[in-house]
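Below is query_5.tsv, which holds TSV, C-alpha atoms.
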chain	number	residue	atom	x	y	z
A	95	MET	CA	-10.54	6.10	23.04
A	96	ILE	CA	-8.22	6.61	20.10
A	97	GLU	CA	-9.60	3.44	18.54
A	98	VAL	CA	-13.08	4.92	18.64
A	99	ILE	CA	-11.85	8.10	16.97
A	100	VAL	CA	-10.07	6.12	14.25
A	101	VAL	CA	-13.09	3.90	13.54
A	102	VAL	CA	-15.47	6.85	13.35
A	103	ALA	CA	-13.07	8.73	11.07
A	104	MET	CA	-12.82	5.65	8.84
A	105	ALA	CA	-16.59	5.56	8.54
A	106	VAL	CA	-16.71	9.27	7.74
A	107	PHE	CA	-14.08	8.99	5.03
A	108	ALA	CA	-15.75	5.92	3.55
A	109	LEU	CA	-19.02	7.86	3.29
A	110	LEU	CA	-17.22	10.82	1.75
A	111	ALA	CA	-15.54	8.56	-0.78
A	112	ILE	CA	-18.86	7.07	-1.81
A	113	HIS	CA	-20.80	10.30	-2.03
A	114	SER	CA	-18.24	12.73	-3.40
A	115	ARG	CA	-19.10	14.05	-6.81
A	116	LEU	CA	-15.61	14.26	-8.26
A	117	LEU	CA	-13.72	11.03	-8.76
A	118	ARG	CA	-10.42	12.65	-7.91
A	119	ASN	CA	-11.68	13.61	-4.45
A	120	ALA	CA	-13.05	10.10	-3.95
A	121	VAL	CA	-9.62	8.62	-4.65
A	122	ILE	CA	-8.01	10.90	-2.08
A	123	TYR	CA	-10.66	10.05	0.52
A	124	LEU	CA	-10.03	6.37	-0.14
A	125	ALA	CA	-6.32	6.89	0.42
A	126	ILE	CA	-7.01	8.58	3.76
A	127	PHE	CA	-9.37	5.73	4.63
A	128	SER	CA	-6.71	3.10	4.08
A	129	LEU	CA	-4.17	5.15	6.01
A	130	MET	CA	-6.59	5.10	8.93
A	131	ALA	CA	-6.97	1.34	8.47
A	132	ALA	CA	-3.19	0.98	8.60
A	133	PHE	CA	-3.12	2.97	11.84
A	134	PHE	CA	-5.87	0.74	13.21
A	135	PHE	CA	-3.80	-2.36	12.43
A	136	LEU	CA	-0.86	-0.71	14.17
A	137	LEU	CA	-2.97	-0.12	17.27
A	138	HIS	CA	-3.79	-3.81	17.35
A	139	ALA	CA	-0.08	-4.73	17.26
A	140	ALA	CA	0.08	-5.95	13.67
A	141	PRO	CA	2.85	-3.88	12.09
A	142	GLU	CA	3.28	-6.21	9.10
A	143	LEU	CA	-0.32	-5.79	8.09
A	144	ALA	CA	-0.04	-2.06	8.70
A	145	ILE	CA	2.90	-1.79	6.32
A	146	ALA	CA	1.11	-3.88	3.71
A	147	GLU	CA	-2.06	-1.79	3.99
A	148	ALA	CA	-0.15	1.49	3.82
A	149	VAL	CA	1.85	0.41	0.78
A	150	MET	CA	-0.97	-1.27	-1.12
A	151	GLY	CA	-4.08	0.68	-0.19
A	152	SER	CA	-2.62	4.08	0.31
A	153	GLY	CA	0.23	4.14	-2.15
A	154	LEU	CA	-0.17	1.67	-4.97
A	155	VAL	CA	-3.93	1.69	-5.41
A	156	THR	CA	-4.09	5.47	-5.16
A	157	LEU	CA	-1.43	5.87	-7.82
A	158	LEU	CA	-3.18	3.27	-9.99
A	159	TYR	CA	-6.50	5.11	-9.70
A	160	LEU	CA	-4.82	8.41	-10.49
A	161	THR	CA	-3.22	6.94	-13.60
A	162	ALA	CA	-6.63	5.62	-14.59
A	163	LEU	CA	-8.14	9.07	-14.03
A	164	LYS	CA	-5.41	10.56	-16.19
A	165	ARG	CA	-7.04	8.80	-19.11
A	166	TYR	CA	-10.41	10.24	-18.14
A	167	LYS	CA	-11.39	12.79	-20.72
A	168	VAL	CA	-11.30	16.41	-19.70
A	169	PHE	CA	-13.60	18.88	-21.37
A	170	THR	CA	-12.15	22.34	-21.08
A	171	ILE	CA	-14.54	25.26	-20.97
A	172	ALA	CA	-13.05	28.70	-21.32
A	173	VAL	CA	-14.94	31.63	-19.90
A	174	VAL	CA	-14.10	34.95	-21.50
A	175	THR	CA	-15.17	38.26	-20.09
A	176	ASP	CA	-14.87	40.94	-22.69
A	177	PHE	CA	-15.55	43.97	-20.63
A	178	GLU	CA	-13.73	43.10	-17.42
A	179	TYR	CA	-10.07	43.85	-17.14
A	180	ARG	CA	-9.66	41.95	-13.90
A	181	ILE	CA	-11.43	38.68	-13.14
A	182	ARG	CA	-13.22	39.26	-9.87
A	183	ASP	CA	-14.17	36.61	-7.34
A	184	ASP	CA	-17.86	37.34	-7.42
A	185	LEU	CA	-17.89	36.93	-11.18
A	186	ILE	CA	-16.20	33.53	-10.81
A	187	SER	CA	-18.61	32.37	-8.15
A	188	SER	CA	-21.66	33.62	-10.01
A	189	VAL	CA	-20.56	31.79	-13.17
A	190	GLN	CA	-19.72	28.62	-11.27
A	191	ARG	CA	-23.04	28.64	-9.44
A	192	SER	CA	-25.24	29.53	-12.35
A	193	ASP	CA	-27.79	26.99	-13.47
A	194	ALA	CA	-26.49	26.76	-17.00
A	195	VAL	CA	-22.98	25.85	-15.90
A	196	GLN	CA	-24.34	23.28	-13.46
A	197	ASP	CA	-26.41	21.79	-16.28
A	198	ILE	CA	-23.37	21.60	-18.54
A	199	ARG	CA	-21.43	19.93	-15.76
A	200	THR	CA	-24.04	17.23	-15.14
A	201	PHE	CA	-24.48	16.76	-18.88
A	202	LEU	CA	-20.74	16.12	-19.27
A	203	ALA	CA	-20.56	13.96	-16.15
A	204	ARG	CA	-23.23	11.71	-17.60
A	205	ARG	CA	-21.08	11.26	-20.69
A	206	GLU	CA	-17.93	10.53	-18.67
A	207	ARG	CA	-16.24	13.81	-19.33
A	208	GLU	CA	-15.02	16.05	-16.59
A	209	ALA	CA	-15.76	19.71	-17.00
A	210	GLN	CA	-12.78	21.90	-16.33
A	211	ILE	CA	-13.70	25.56	-16.24
A	212	VAL	CA	-10.95	28.07	-16.83
A	213	PHE	CA	-11.27	31.83	-16.78
A	214	VAL	CA	-9.09	33.26	-19.50
A	215	ARG	CA	-7.92	36.77	-20.19
A	216	GLU	CA	-7.89	36.40	-23.93
A	217	ASN	CA	-10.67	38.01	-25.83
A	218	ARG	CA	-13.28	36.00	-27.61
A	219	ASP	CA	-11.60	35.52	-30.96
A	220	GLU	CA	-8.30	34.48	-29.47
A	221	ALA	CA	-10.06	31.97	-27.24
A	222	LEU	CA	-11.96	30.60	-30.22
A	223	ARG	CA	-8.73	30.16	-32.08
A	224	ASN	CA	-7.08	28.25	-29.20
A	225	PRO	CA	-7.38	24.51	-29.89
A	226	ASP	CA	-7.16	23.60	-26.19
A	227	TYR	CA	-10.62	24.92	-25.41
A	228	ASP	CA	-13.56	22.74	-26.29
A	229	LEU	CA	-16.21	25.29	-25.48
A	230	VAL	CA	-16.07	29.03	-25.05
A	231	LEU	CA	-18.49	30.81	-22.76
A	232	ALA	CA	-18.92	34.54	-22.98
A	233	ALA	CA	-20.21	35.67	-19.62
A	234	ASP	CA	-22.45	38.69	-19.91
A	235	ASP	CA	-24.16	40.25	-16.97
A	236	ALA	CA	-27.51	39.12	-18.31
A	237	SER	CA	-26.90	35.88	-20.16
A	238	LEU	CA	-24.34	33.36	-21.27
A	239	VAL	CA	-23.35	32.95	-24.88
A	240	VAL	CA	-21.85	29.60	-25.76
A	241	TYR	CA	-19.54	29.20	-28.73
A	242	GLY	CA	-18.66	25.75	-29.90
A	243	SER	CA	-17.65	23.95	-33.03
A	244	GLU	CA	-20.20	22.03	-34.99
A	245	ASP	CA	-17.80	19.15	-35.53
A	246	ASP	CA	-17.84	18.17	-31.87
A	247	TYR	CA	-20.81	15.89	-31.39
A	248	LEU	CA	-20.92	16.60	-27.66
A	249	VAL	CA	-21.45	20.29	-28.33
A	250	VAL	CA	-24.22	19.47	-30.79
A	251	GLU	CA	-25.95	17.31	-28.19
A	252	LEU	CA	-25.53	20.02	-25.59
A	253	GLU	CA	-27.11	22.58	-27.88
A	254	LEU	CA	-29.97	20.22	-28.57
A	255	MET	CA	-30.53	19.73	-24.84
A	256	PHE	CA	-30.66	23.46	-24.19
A	257	ARG	CA	-32.95	24.06	-27.15
A	258	MET	CA	-35.39	21.42	-25.95
A	259	ARG	CA	-35.33	22.82	-22.46
A	260	ALA	CA	-35.91	26.35	-23.63
A	261	PHE	CA	-39.46	25.45	-24.61
A	262	GLY	CA	-40.37	25.05	-20.97
A	263	SER	CA	-38.50	27.80	-19.24
A	264	GLY	CA	-36.77	30.67	-20.85
A	265	MET	CA	-33.19	30.39	-19.83
A	266	GLY	CA	-30.60	32.94	-20.74
A	267	VAL	CA	-28.41	30.62	-22.74
A	268	ARG	CA	-27.73	31.33	-26.37
A	269	PHE	CA	-25.74	29.17	-28.72
A	270	GLU	CA	-23.66	30.39	-31.57
A	271	TRP	CA	-21.61	28.28	-33.89
A	272	SER	CA	-18.11	29.43	-34.33
A	273	GLU	CA	-16.45	29.19	-37.69
A	274	SER	CA	-14.13	26.39	-38.60
A	275	GLU	CA	-11.20	28.00	-36.81
A	276	VAL	CA	-11.98	26.05	-33.69
A	277	ALA	CA	-11.99	22.77	-35.51
A	278	GLN	CA	-8.42	23.38	-36.58
B	970	MET	CA	-32.65	8.91	1.57
B	971	ARG	CA	-29.86	6.69	0.29
B	972	VAL	CA	-27.33	8.80	2.16
B	973	ILE	CA	-29.28	8.50	5.41
B	974	VAL	CA	-29.73	4.75	5.10
B	975	SER	CA	-26.08	4.16	4.35
B	976	ALA	CA	-25.04	6.51	7.19
B	977	VAL	CA	-27.23	4.63	9.68
B	978	PHE	CA	-25.92	1.31	8.44
B	979	LEU	CA	-22.31	2.41	8.72
B	980	ALA	CA	-22.93	3.83	12.17
B	981	LEU	CA	-24.34	0.48	13.28
B	982	VAL	CA	-21.33	-1.32	11.82
B	983	CYS	CA	-19.00	1.08	13.61
B	984	LEU	CA	-20.83	0.53	16.88
B	985	GLY	CA	-20.55	-3.21	16.43
B	986	VAL	CA	-16.84	-3.00	15.71
B	987	ILE	CA	-16.27	-0.78	18.73
B	988	VAL	CA	-18.25	-3.03	21.04
B	989	LEU	CA	-16.54	-6.14	19.73
B	990	THR	CA	-13.00	-4.82	19.80
B	991	THR	CA	-12.80	-2.82	23.02
B	992	GLY	CA	-12.68	-4.53	26.37
B	993	HIS	CA	-12.40	-8.00	24.91
B	994	ASP	CA	-9.65	-10.41	25.83
B	995	GLU	CA	-8.69	-12.67	22.99
B	996	GLU	CA	-8.42	-16.34	23.84
B	997	LEU	CA	-6.30	-17.98	21.20
B	998	ASP	CA	-5.62	-21.63	20.97
B	999	PRO	CA	-2.66	-21.81	23.36
B	1000	LEU	CA	-0.75	-24.68	21.84
B	1001	LEU	CA	0.46	-23.35	18.50
B	1002	TYR	CA	0.68	-19.75	19.65
B	1003	ASP	CA	2.83	-20.62	22.64
B	1004	TYR	CA	5.01	-22.97	20.66
B	1005	VAL	CA	5.68	-20.46	17.88
B	1006	SER	CA	6.24	-17.50	20.15
B	1007	GLU	CA	8.67	-19.40	22.34
B	1008	HIS	CA	10.65	-21.48	19.88
B	1009	PHE	CA	10.79	-19.48	16.68
B	1010	TYR	CA	14.25	-18.07	17.29
B	1011	GLU	CA	16.02	-21.37	17.87
B	1012	ASP	CA	14.04	-23.06	15.10
B	1013	THR	CA	14.57	-20.56	12.32
B	1014	SER	CA	16.97	-17.91	13.71
B	1015	ALA	CA	14.62	-15.15	12.57
B	1016	ARG	CA	14.06	-12.23	14.93
B	1017	ASN	CA	10.59	-11.65	13.58
B	1018	ALA	CA	7.96	-14.26	14.36
B	1019	VAL	CA	5.88	-13.37	11.31
B	1020	ALA	CA	8.84	-13.90	9.00
B	1021	ALA	CA	9.56	-17.19	10.74
B	1022	VAL	CA	6.00	-18.37	10.15
B	1023	LEU	CA	5.85	-17.15	6.56
B	1024	LEU	CA	9.24	-18.38	5.42
B	1025	ASN	CA	9.78	-21.49	7.47
B	1026	TYR	CA	6.78	-22.98	9.23
B	1027	ARG	CA	4.30	-22.22	6.47
B	1028	MET	CA	6.47	-22.17	3.37
B	1029	TYR	CA	3.89	-23.93	1.22
B	1030	ASP	CA	1.47	-21.09	1.89
B	1031	THR	CA	3.98	-18.54	0.62
B	1032	ILE	CA	4.77	-20.58	-2.49
B	1033	PHE	CA	1.14	-20.82	-3.46
B	1034	GLU	CA	0.61	-17.12	-2.77
B	1035	ALA	CA	3.34	-16.34	-5.30
B	1036	LEU	CA	1.71	-18.81	-7.68
B	1037	ILE	CA	-1.65	-17.04	-7.30
B	1038	LEU	CA	-0.04	-13.71	-8.22
B	1039	LEU	CA	1.57	-15.27	-11.29
B	1040	THR	CA	-1.73	-16.86	-12.34
B	1041	ALA	CA	-3.53	-13.52	-12.07
B	1042	ILE	CA	-0.88	-11.82	-14.19
B	1043	VAL	CA	-0.90	-14.54	-16.85
B	1044	GLY	CA	-4.68	-14.21	-17.14
B	1045	MET	CA	-4.45	-10.46	-17.33
B	1046	MET	CA	-1.82	-10.57	-20.06
B	1047	GLN	CA	-3.94	-13.02	-21.99
B	1048	PHE	CA	-7.04	-10.86	-21.96
B	1049	LEU	CA	-5.59	-7.36	-22.13
B	1050	PRO	CA	-3.89	-6.72	-25.43
B	1051	GLY	CA	-0.74	-4.66	-25.37
B	1052	VAL	CA	0.75	-2.74	-28.24
B	1053	GLU	CA	1.17	-4.52	-31.56
B	1054	GLY	CA	3.81	-7.21	-31.53
B	1055	ASP	CA	3.83	-7.24	-27.73
B	1056	VAL	CA	1.07	-9.81	-27.47
B	1057	GLY	CA	1.33	-13.20	-25.92
B	1058	VAL	CA	2.51	-14.78	-22.73
B	1059	ASP	CA	5.26	-16.89	-24.26
B	1060	GLY	CA	7.94	-14.31	-23.56
B	1061	GLU	CA	8.58	-13.63	-27.20
B	1062	GLU	CA	10.35	-10.38	-27.85
B	1063	PRO	CA	8.29	-7.48	-29.16
B	1064	ASP	CA	9.68	-6.14	-32.39
B	1065	HIS	CA	10.32	-2.45	-32.07
B	1066	GLU	CA	11.76	-1.01	-35.20
C	412	MET	CA	-9.07	18.50	-28.67
C	413	SER	CA	-9.31	17.73	-25.00
C	414	LYS	CA	-5.98	17.26	-23.37
C	415	PRO	CA	-5.09	15.60	-20.09
C	416	ILE	CA	-4.86	17.70	-16.98
C	417	THR	CA	-1.41	16.62	-15.87
C	418	ASP	CA	0.43	17.20	-19.09
C	419	GLU	CA	4.08	17.44	-18.05
C	420	SER	CA	3.58	18.88	-14.62
C	421	GLN	CA	6.91	20.35	-13.59
C	422	ILE	CA	6.31	20.17	-9.83
C	423	ILE	CA	5.37	16.51	-9.79
C	424	SER	CA	8.21	15.41	-12.07
C	425	VAL	CA	10.86	17.29	-10.09
C	426	VAL	CA	9.60	16.05	-6.72
C	427	ILE	CA	9.22	12.44	-7.81
C	428	GLY	CA	12.60	12.53	-9.53
C	429	PHE	CA	14.04	13.65	-6.21
C	430	LEU	CA	12.18	10.86	-4.40
C	431	TYR	CA	13.25	7.95	-6.66
C	432	PRO	CA	16.41	6.89	-4.77
C	433	PHE	CA	14.66	7.16	-1.44
C	434	MET	CA	11.78	4.97	-2.60
C	435	LEU	CA	14.20	2.38	-3.96
C	436	LEU	CA	16.22	2.51	-0.74
C	437	LEU	CA	13.13	2.07	1.41
C	438	GLY	CA	11.97	-0.84	-0.73
C	439	PHE	CA	15.25	-2.69	-0.51
C	440	TYR	CA	15.53	-1.91	3.22
C	441	VAL	CA	12.11	-3.40	3.88
C	442	ILE	CA	12.94	-6.45	1.76
C	443	ILE	CA	16.39	-7.20	3.15
C	444	ASN	CA	15.49	-6.62	6.81
C	445	GLY	CA	12.34	-8.70	6.47
C	446	HIS	CA	13.46	-11.34	8.96
C	447	TYR	CA	14.53	-8.74	11.50
C	448	THR	CA	11.97	-5.91	11.45
C	449	PRO	CA	8.35	-5.83	10.34
C	450	GLY	CA	8.10	-5.92	6.58
C	451	GLY	CA	9.25	-8.52	4.16
C	452	GLY	CA	9.02	-9.53	0.57
C	453	PHE	CA	5.46	-8.60	-0.20
C	454	GLN	CA	5.55	-5.13	1.36
C	455	GLY	CA	8.92	-4.25	-0.14
C	456	GLY	CA	7.75	-5.53	-3.52
C	457	GLY	CA	4.80	-3.17	-3.31
C	458	ILE	CA	7.13	-0.27	-2.66
C	459	LEU	CA	9.29	-1.26	-5.64
C	460	ALA	CA	6.20	-1.45	-7.85
C	461	SER	CA	5.14	2.03	-6.75
C	462	VAL	CA	8.45	3.27	-8.16
C	463	PHE	CA	7.29	2.00	-11.57
C	464	ILE	CA	3.95	3.78	-11.26
C	465	ALA	CA	5.60	7.00	-10.18
C	466	ARG	CA	7.77	6.73	-13.26
C	467	TYR	CA	4.65	6.40	-15.39
C	468	VAL	CA	3.05	9.43	-13.74
C	469	VAL	CA	6.11	11.55	-14.45
C	470	HIS	CA	7.05	10.35	-17.87
C	471	PRO	CA	4.44	8.28	-19.68
C	472	VAL	CA	6.61	6.67	-22.33
C	473	GLU	CA	6.48	2.97	-22.96
C	474	ASP	CA	10.10	1.93	-23.14
C	475	ILE	CA	10.06	-1.10	-20.83
C	476	SER	CA	8.86	-4.32	-22.37
C	477	ASP	CA	6.08	-6.01	-20.42
C	478	THR	CA	6.95	-9.44	-21.70
C	479	ARG	CA	10.53	-9.12	-20.55
C	480	LEU	CA	9.43	-8.10	-17.04
C	481	HIS	CA	7.01	-11.01	-17.08
C	482	ALA	CA	9.79	-13.41	-18.10
C	483	PHE	CA	11.93	-12.21	-15.19
C	484	GLU	CA	8.96	-12.61	-12.86
C	485	ARG	CA	8.50	-16.22	-13.92
C	486	LEU	CA	12.22	-16.81	-13.43
C	487	PHE	CA	11.93	-15.52	-9.87
C	488	LEU	CA	8.90	-17.73	-9.25
C	489	ALA	CA	10.91	-20.73	-10.39
C	490	LEU	CA	13.67	-19.75	-7.96
C	491	ILE	CA	11.06	-19.38	-5.19
C	492	LEU	CA	10.05	-22.97	-5.93
C	493	VAL	CA	13.60	-24.27	-6.16
C	494	ALA	CA	15.20	-22.60	-3.14
C	495	PRO	CA	12.97	-24.12	-0.41
C	496	ILE	CA	13.17	-27.52	-2.06
C	497	LEU	CA	16.95	-27.42	-1.98
C	498	LEU	CA	17.36	-25.77	1.41
C	499	LEU	CA	14.30	-26.17	3.62
C	500	PHE	CA	12.33	-29.25	2.70
C	501	ASN	CA	15.24	-31.67	2.81
C	502	GLY	CA	16.45	-30.25	6.11
C	503	LEU	CA	19.70	-28.76	4.89
C	504	ILE	CA	19.37	-25.60	6.96
C	505	TYR	CA	18.82	-27.66	10.10
C	506	ARG	CA	22.00	-29.58	9.47
C	507	TYR	CA	24.02	-26.42	8.83
C	508	PRO	CA	22.45	-23.72	11.08
C	509	PHE	CA	24.59	-20.86	9.71
C	510	LEU	CA	22.56	-21.13	6.49
C	511	GLN	CA	19.31	-20.17	8.18
C	512	VAL	CA	19.71	-16.39	8.10
C	513	HIS	CA	20.99	-16.51	4.53
C	514	TYR	CA	18.01	-18.64	3.54
C	515	LEU	CA	15.56	-16.12	5.04
C	516	THR	CA	17.27	-13.19	3.33
C	517	LEU	CA	17.36	-15.02	0.01
C	518	MET	CA	13.67	-15.87	0.18
C	519	ASP	CA	12.77	-12.30	1.10
C	520	ILE	CA	14.74	-10.93	-1.84
C	521	LEU	CA	13.21	-13.42	-4.28
C	522	ILE	CA	9.65	-12.81	-3.10
C	523	GLY	CA	10.18	-9.05	-3.13
C	524	LEU	CA	11.48	-9.00	-6.69
C	525	GLN	CA	8.73	-11.35	-7.88
C	526	VAL	CA	5.95	-9.27	-6.35
C	527	GLY	CA	7.48	-5.99	-7.49
C	528	LEU	CA	7.90	-7.14	-11.09
C	529	GLY	CA	4.42	-8.67	-11.13
C	530	LEU	CA	2.69	-5.53	-9.93
C	531	ALA	CA	4.77	-3.47	-12.35
C	532	VAL	CA	3.53	-5.66	-15.22
C	533	VAL	CA	-0.06	-5.15	-14.08
C	534	VAL	CA	0.37	-1.39	-13.91
C	535	ASP	CA	2.11	-1.21	-17.28
C	536	ARG	CA	-0.60	-3.20	-18.99
C	537	PHE	CA	-3.39	-1.14	-17.52
C	538	ALA	CA	-1.66	2.17	-18.11
C	539	PHE	CA	-0.84	1.54	-21.76
C	540	PHE	CA	-4.10	-0.19	-22.56
C	541	LYS	CA	-4.84	0.83	-26.13
C	542	GLY	CA	-8.30	-0.65	-26.48
C	543	VAL	CA	-9.49	-3.83	-28.07
C	544	GLY	CA	-6.74	-5.34	-30.13
C	545	PRO	CA	-5.96	-8.49	-32.06
C	546	SER	CA	-5.46	-10.72	-29.04
C	547	TRP	CA	-8.92	-9.98	-27.67
C	548	ARG	CA	-11.28	-12.92	-27.67
The structure given in the file should be rewritten as structure tokens.
Amino acid sequence: MIEVIVVVAMAVFALLAIHSRLLRNAVIYLAIFSLMAAFFFLLHAAPELAIAEAVMGSGLVTLLYLTALKRYKVFTIAVVTDFEYRIRDDLISSVQRSDAVQDIRTFLARREREAQIVFVRENRDEALRNPDYDLVLAADDASLVVYGSEDDYLVVELELMFRMRAFGSGMGVRFEWSESEVAQ
Amino acid sequence: MRVIVSAVFLALVCLGVIVLTTGHDEELDPLLYDYVSEHFYEDTSARNAVAAVLLNYRMYDTIFEALILLTAIVGMMQFLPGVEGDVGVDGEEPDHE
Amino acid sequence: MSKPITDESQIISVVIGFLYPFMLLLGFYVIINGHYTPGGGFQGGGILASVFIARYVVHPVEDISDTRLHAFERLFLALILVAPILLLFNGLIYRYPFLQVHYLTLMDILIGLQVGLGLAVVVDRFAFFKGVGPSWR
């Protein structure tokens, strides 16, 4: 009975590892998968193989993938809210679920960058001056205003994509170029 | 569609593994298995039959496993450049200032 | 402009720094008791190599020379070749049976160090890969 549970859980985690959108989650699912495989070897009275699988698949390969992901480029998007003193949960969820942010995320994922969205308490000018942020989003209740530097070719491509899309459907995304403060 | 197809395929594989592994008595070749499991302690004085097989009965296998690992690493060091001055498999010292 | 996510994470470095001696102890335990409990050279070598990777995750500074690790690894491979030839293949450990346990322990230690150093070289090379360089063909 416990074998059946372990095999089914292995299949479930293998599917999750294949179909998860974030690579970091996929690595963790893979680690759980090989831990299950180690337990399966242990059930079949092969403790040597179980130790080897746990060390290699679950420890070494996971750490190796995580070090590889550490070199994966992260694109930090700062969301500033001028008029809100406190950052509320519904604001966060509405920004995360909005179409424009999803589009930016898929755009960056296609160019092997991972979008990291942070909600900051600084106002707009301070956020623009911070060199850690690649893109600054000002969340209004009606639309999003995107500030980026013209030196970053990704931001230029992103602006081009939104401008071409705006011919078809009027989306509430407006681009503004920040001054050269952002580009150091 | 792709998700469904792969889910069905994996479910079939799981079913096959479950059917094959549960309620099945393994019939190994009795000669070598019996010999190793009875005589490994007086032959090699190891308490662990796997260690006895790996380090005494099948020592050539272990030697060539180690050789395979070394070959993989030599190939990797040949084709992945390191930092400057740290290149080459001849064991020459890198010159750090 | 973009910076890595785990830039000097305090939690991870403190926890892994606390775990170093235990990982080393577990690795050497698995290696040395290889003829007595499940485990052995390969598994213990993997644990020793994971110590190297954990060190990279905490403190990504390249201060260990790959080529020197590789030289030690080749030395251990030569010893792996020499020790069975001297002890096992000419029947020395059957003539003197008290050598048998020492032979097994010696081989486990040699294989463990060889595998650990080899995997550490692999990880170092991949972690500090700087792109296409002069030795690329």
Residue neighbourhood A:Val214, 10 Å, all atoms listed in the file, exclusion window fewer than 6 positions, as a compact mmCIF listing (two decimals) with C-alpha atoms, in the frame of the given file:
# COMPACT_ATOMS: atom_id res chain seq x y z
CA ILE A 171 -14.54 25.26 -20.97
CA ALA A 172 -13.05 28.70 -21.32
CA VAL A 173 -14.94 31.63 -19.90
CA VAL A 174 -14.10 34.95 -21.50
CA THR A 175 -15.17 38.26 -20.09
CA ILE A 181 -11.43 38.68 -13.14
CA ALA A 221 -10.06 31.97 -27.24
CA VAL A 230 -16.07 29.03 -25.05
Expected answer as a PDB file with C-alpha atoms, in the frame of the given file: chain A residues within 12 Å of chain B, only C-alpha atoms:
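Listing of result-v2.pdb after writing:
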ATOM      1  CA  MET A  95     -10.540   6.100  23.040  1.00  0.00           C
ATOM      2  CA  ILE A  96      -8.220   6.610  20.100  1.00  0.00           C
ATOM      3  CA  GLU A  97      -9.600   3.440  18.540  1.00  0.00           C
ATOM      4  CA  VAL A  98     -13.080   4.920  18.640  1.00  0.00           C
ATOM      5  CA  ILE A  99     -11.850   8.100  16.970  1.00  0.00           C
ATOM      6  CA  VAL A 100     -10.070   6.120  14.250  1.00  0.00           C
ATOM      7  CA  VAL A 101     -13.090   3.900  13.540  1.00  0.00           C
ATOM      8  CA  VAL A 102     -15.470   6.850  13.350  1.00  0.00           C
ATOM      9  CA  ALA A 103     -13.070   8.730  11.070  1.00  0.00           C
ATOM     10  CA  MET A 104     -12.820   5.650   8.840  1.00  0.00           C
ATOM     11  CA  ALA A 105     -16.590   5.560   8.540  1.00  0.00           C
ATOM     12  CA  VAL A 106     -16.710   9.270   7.740  1.00  0.00           C
ATOM     13  CA  PHE A 107     -14.080   8.990   5.030  1.00  0.00           C
ATOM     14  CA  ALA A 108     -15.750   5.920   3.550  1.00  0.00           C
ATOM     15  CA  LEU A 109     -19.020   7.860   3.290  1.00  0.00           C
ATOM     16  CA  LEU A 110     -17.220  10.820   1.750  1.00  0.00           C
ATOM     17  CA  ILE A 112     -18.860   7.070  -1.810  1.00  0.00           C
ATOM     18  CA  HIS A 113     -20.800  10.300  -2.030  1.00  0.00           C
ATOM     19  CA  SER A 114     -18.240  12.730  -3.400  1.00  0.00           C
ATOM     20  CA  PHE A 134      -5.870   0.740  13.210  1.00  0.00           C
ATOM     21  CA  LEU A 137      -2.970  -0.120  17.270  1.00  0.00           C
ATOM     22  CA  HIS A 138      -3.790  -3.810  17.350  1.00  0.00           C
ATOM     23  CA  ALA A 140       0.080  -5.950  13.670  1.00  0.00           C
ATOM     24  CA  PRO A 141       2.850  -3.880  12.090  1.00  0.00           C
ATOM     25  CA  GLU A 142       3.280  -6.210   9.100  1.00  0.00           C
ATOM     26  CA  LEU A 143      -0.320  -5.790   8.090  1.00  0.00           C
TER      27      LEU A 143
END
Report the distance between atom CA of C:Gly438 and atom CA of B:Phe1009 in Å, rounded to one decimal place.
->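 Rounded to one decimal, the two atoms are 25.5 Å apart.
For the pair atom CA of B:Leu1023 and atom CA of C:Leu490, the separation is 16.7 Å.
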Write out as a list in words which residues come within 10 Å of C:Phe463 when counting all atoms listed in the file, dropping same-chain ones fewer than 3 positions away.
-> Leu154 of chain A; Tyr431, Ile458, Leu459, Ala460, Arg466, Tyr467, Val468, Gly527, Leu528, Leu530, Ala531, Val532, Val534 and Asp535 of chain C
Around (16.7, -26.3, 10.9) in the file's own coordinates, what residues are found within 6 Å if you use only C-alpha atoms, given back as a list in words?
->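 Residues with an atom at most 6 Å from (16.7, -26.3, 10.9): Asp1012 of chain B; Ile504 and Tyr505 of chain C.
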Output file for the residues above (C-alpha atoms, as an mmCIF file, in the coordinates of the input):
data_model
loop_
_atom_site.group_PDB
_atom_site.id
_atom_site.type_symbol
_atom_site.label_atom_id
_atom_site.label_comp_id
_atom_site.auth_asym_id
_atom_site.auth_seq_id
_atom_site.Cartn_x
_atom_site.Cartn_y
_atom_site.Cartn_z
ATOM 1 C CA ASP B 1012 14.040 -23.060 15.100
ATOM 2 C CA ILE C 504 19.370 -25.600 6.960
ATOM 3 C CA TYR C 505 18.820 -27.660 10.100
#
Select all residues from chain C having any atom no more than 12 Å from an atom of chain A (counting all atoms listed in the file, ignoring ligands), output as a PyMOL selection string.
-> chain C and resi 412-419+434+437-438+441-442+445-471+526-527+530-531+533-541
Fewer than 4 positions away in the same chain doesn't count, so skip those; otherwise give me all residues within 12 Å of A:Glu251, counting only C-alpha atoms, as a PyMOL selection string.
-> chain A and resi 198+201-202+205+242-247+255-258+269
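The closest residue to chain B, picked from C:Gly428, C:Gly523, C:Gly529, C:Gly502 and counting only C-alpha atoms, is C:Gly529.
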Between atom CA of A:Ser152 and atom CA of A:Ile126, what is the distance, to one decimal in Å?
->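 For atom CA of A:Ser152 relative to atom CA of A:Ile126, the distance reads 7.2 Å.
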